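Asker: Here's a structure for you.
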Amino acid sequence: MNALRDLQLPLNQTQNIRLQRALQQLRELDSKASSLSSVTVADTIPVNHEDGVVKGHGTSEVDGEVVATLCGVVERVNKLVYIRTLRARYKPEIGDIIVGRVIEVAPKRWRLEINFSQDAVLMLSSMNLPDGIQVKHQFPVSSIVRGSVDKLYVIQ
């Protein structure tokens with residue numbers, strides 16, 4: 001395993017800077033949350049093989065050990081072990097509480113930027129406020145809005 005860690009790759013200046021930034025982000029993540037395990041490529045991930053571990057995204061098996069193939073934070077869900085990468089974009093799921101910035105106001109909806117590949121849409125009809133308060137002009141452009149994801153429509 002040390003052979004992979006000691007492997008020297010020829011990197012140009014940009015790649016070297018990006019690697020150093022990623023390593024710095026990993027160190028910061030590790031210092032902020034001691035319960036999280038940050039890894040770089042070729043790090044061994046400690047697992048109990050008797051529990052029937054399922055290797056997920058960013059992991060591989062080398063010589064009977066689970067090894068990281070990406071830089072990030074080790075996540076565990078039941079028996080699944082995977083790597084949450086540092087540069088991944090947010091992917092909303094139903095039930096998530098999200099925060100977004102209003103980027104467009106239309107007659108029946110607001111469009112929100114939520115750091116996803118698509119913008120979120122908040123429909124005027126989905127607003128439930130007491131006493132029939134008018135919300136049409138409540139959220140001007142650049143307002144910060146918090147809401148819950150009810151439906152997903154992925155445009156391809």
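Residues in the structure tokens are named by chain (A, B, ... in the order shown) and by number from 1 within that chain; ligands are numbered from 1 in the order shown.
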Using only C-alpha atoms, what does the table of range 52-89 of chain A residues within 12 Å of range 13-25 of chain A look like, with each row giving the shortest atom pair and its distance in Å to one decimal, sorted by chain and ascending number, as a Markdown table?
Answerer:
| residue | atom | partner | partner_atom | distance |
| --- | --- | --- | --- | --- |
| A:Leu70 | CA | A:Ala22 | CA | 10.8 |
| A:Cys71 | CA | A:Ala22 | CA | 7.5 |
| A:Gly72 | CA | A:Ala22 | CA | 8.6 |
| A:Val73 | CA | A:Gln25 | CA | 10.5 |
| A:Thr85 | CA | A:Ala22 | CA | 10.0 |
| A:Leu86 | CA | A:Ala22 | CA | 7.6 |
| A:Arg87 | CA | A:Ala22 | CA | 9.0 |
Asker: Set the distance at 12 Å and use only C-alpha atoms: which residues neighbour Gly64 in chain A once local chain neighbours fewer than 2 positions away are removed? I'd like the list as a PyMOL selection string.
Answerer: chain A and resi 1+44-49+53+60-62+66-67
Asker: Take the selection from the previous step and output its residues with N, CA, C and O atoms, as a PDB file, in the first residue's frame.
Answerer:
ATOM      1  N   MET A   1       0.813  -1.196   0.000  1.00  0.00           N
ATOM      2  CA  MET A   1       0.000   0.000   0.000  1.00  0.00           C
ATOM      3  C   MET A   1       0.856   1.259   0.000  1.00  0.00           C
ATOM      4  O   MET A   1       0.505   2.251  -0.594  1.00  0.00           O
ATOM      5  N   THR A  44      -5.899   3.886   2.976  1.00  0.00           N
ATOM      6  CA  THR A  44      -6.668   2.713   3.379  1.00  0.00           C
ATOM      7  C   THR A  44      -7.819   3.166   4.274  1.00  0.00           C
ATOM      8  O   THR A  44      -7.625   3.984   5.173  1.00  0.00           O
ATOM      9  N   ILE A  45      -8.999   2.630   4.013  1.00  0.00           N
ATOM     10  CA  ILE A  45     -10.181   2.956   4.815  1.00  0.00           C
ATOM     11  C   ILE A  45     -10.406   1.796   5.781  1.00  0.00           C
ATOM     12  O   ILE A  45     -10.622   0.661   5.340  1.00  0.00           O
ATOM     13  N   PRO A  46     -10.370   2.060   7.077  1.00  0.00           N
ATOM     14  CA  PRO A  46     -10.561   0.965   8.033  1.00  0.00           C
ATOM     15  C   PRO A  46     -12.004   0.464   8.022  1.00  0.00           C
ATOM     16  O   PRO A  46     -12.937   1.251   8.196  1.00  0.00           O
ATOM     17  N   VAL A  47     -12.184  -0.832   7.764  1.00  0.00           N
ATOM     18  CA  VAL A  47     -13.514  -1.439   7.752  1.00  0.00           C
ATOM     19  C   VAL A  47     -13.427  -2.800   8.423  1.00  0.00           C
ATOM     20  O   VAL A  47     -12.365  -3.395   8.521  1.00  0.00           O
ATOM     21  N   ASN A  48     -14.560  -3.281   8.882  1.00  0.00           N
ATOM     22  CA  ASN A  48     -14.651  -4.614   9.455  1.00  0.00           C
ATOM     23  C   ASN A  48     -15.224  -5.530   8.379  1.00  0.00           C
ATOM     24  O   ASN A  48     -16.418  -5.471   8.080  1.00  0.00           O
ATOM     25  N   HIS A  49     -14.392  -6.370   7.785  1.00  0.00           N
ATOM     26  CA  HIS A  49     -14.824  -7.226   6.674  1.00  0.00           C
ATOM     27  C   HIS A  49     -15.860  -8.258   7.107  1.00  0.00           C
ATOM     28  O   HIS A  49     -16.603  -8.777   6.282  1.00  0.00           O
ATOM     29  N   VAL A  53     -19.039  -5.455   4.254  1.00  0.00           N
ATOM     30  CA  VAL A  53     -18.983  -4.078   3.772  1.00  0.00           C
ATOM     31  C   VAL A  53     -19.289  -4.021   2.282  1.00  0.00           C
ATOM     32  O   VAL A  53     -18.819  -4.855   1.510  1.00  0.00           O
ATOM     33  N   SER A  60     -12.209   1.257  -3.695  1.00  0.00           N
ATOM     34  CA  SER A  60     -11.807   0.093  -4.463  1.00  0.00           C
ATOM     35  C   SER A  60     -11.146  -0.875  -3.502  1.00  0.00           C
ATOM     36  O   SER A  60     -10.761  -0.504  -2.401  1.00  0.00           O
ATOM     37  N   GLU A  61     -11.005  -2.126  -3.920  1.00  0.00           N
ATOM     38  CA  GLU A  61     -10.338  -3.110  -3.080  1.00  0.00           C
ATOM     39  C   GLU A  61      -8.995  -3.464  -3.697  1.00  0.00           C
ATOM     40  O   GLU A  61      -8.905  -3.843  -4.865  1.00  0.00           O
ATOM     41  N   VAL A  62      -7.933  -3.311  -2.896  1.00  0.00           N
ATOM     42  CA  VAL A  62      -6.576  -3.627  -3.325  1.00  0.00           C
ATOM     43  C   VAL A  62      -5.946  -4.494  -2.243  1.00  0.00           C
ATOM     44  O   VAL A  62      -5.853  -4.075  -1.089  1.00  0.00           O
ATOM     45  N   VAL A  66      -9.814  -1.973   1.659  1.00  0.00           N
ATOM     46  CA  VAL A  66     -10.625  -0.961   0.979  1.00  0.00           C
ATOM     47  C   VAL A  66      -9.787   0.306   0.903  1.00  0.00           C
ATOM     48  O   VAL A  66      -9.275   0.796   1.905  1.00  0.00           O
ATOM     49  N   VAL A  67      -9.631   0.818  -0.327  1.00  0.00           N
ATOM     50  CA  VAL A  67      -8.748   1.948  -0.589  1.00  0.00           C
ATOM     51  C   VAL A  67      -9.544   3.071  -1.244  1.00  0.00           C
ATOM     52  O   VAL A  67     -10.427   2.829  -2.072  1.00  0.00           O
TER      53      VAL A  67
END
Asker: List the neighbours of Phe139 in chain A out to 12 Å using only C-alpha atoms; skip same-chain residues closer than 3 positions along the sequence, and give me the result as an MDAnalysis selection string.
Answerer: chainID A and resid 100:106 109:112 122 124 127 134:136 142:146
Asker: Just how far from CA of His57 in chain A is CA of Arg76 in chain A, in Å to one decimal?
Answerer: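 Separating CA of Arg76 in chain A from CA of His57 in chain A is a distance of 11.3 Å.
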Asker: As a PyMOL selection string, which residues of chain A does DSSP assign to strand (DSSP E or B)?
Answerer: chain A and resi 37-39+44-45+54-55+59-62+65-68+72-77+80-85+97-105+109-113+120-123+144-148
Asker: What's the separation between CA of Leu26 in chain A and CA of Thr40 in chain A, in Å to one decimal place?
Answerer: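 Distance reported for this atom pair: 8.1 Å.
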Asker: May I ask which of the residues A:Glu65, A:Glu28, A:Asp150, A:Asp43 is the closest one to Gly95 in chain A, counting only C-alpha atoms?
Answerer: A:Asp150
Asker: Among chain A, which ones does DSSP assign to helix (DSSP H, G or I) (computed from the backbone)? Answer as a VMD selection string.
Answerer: chain A and resid 2 to 5 13 to 32 49 to 51 124 to 126 130 to 132
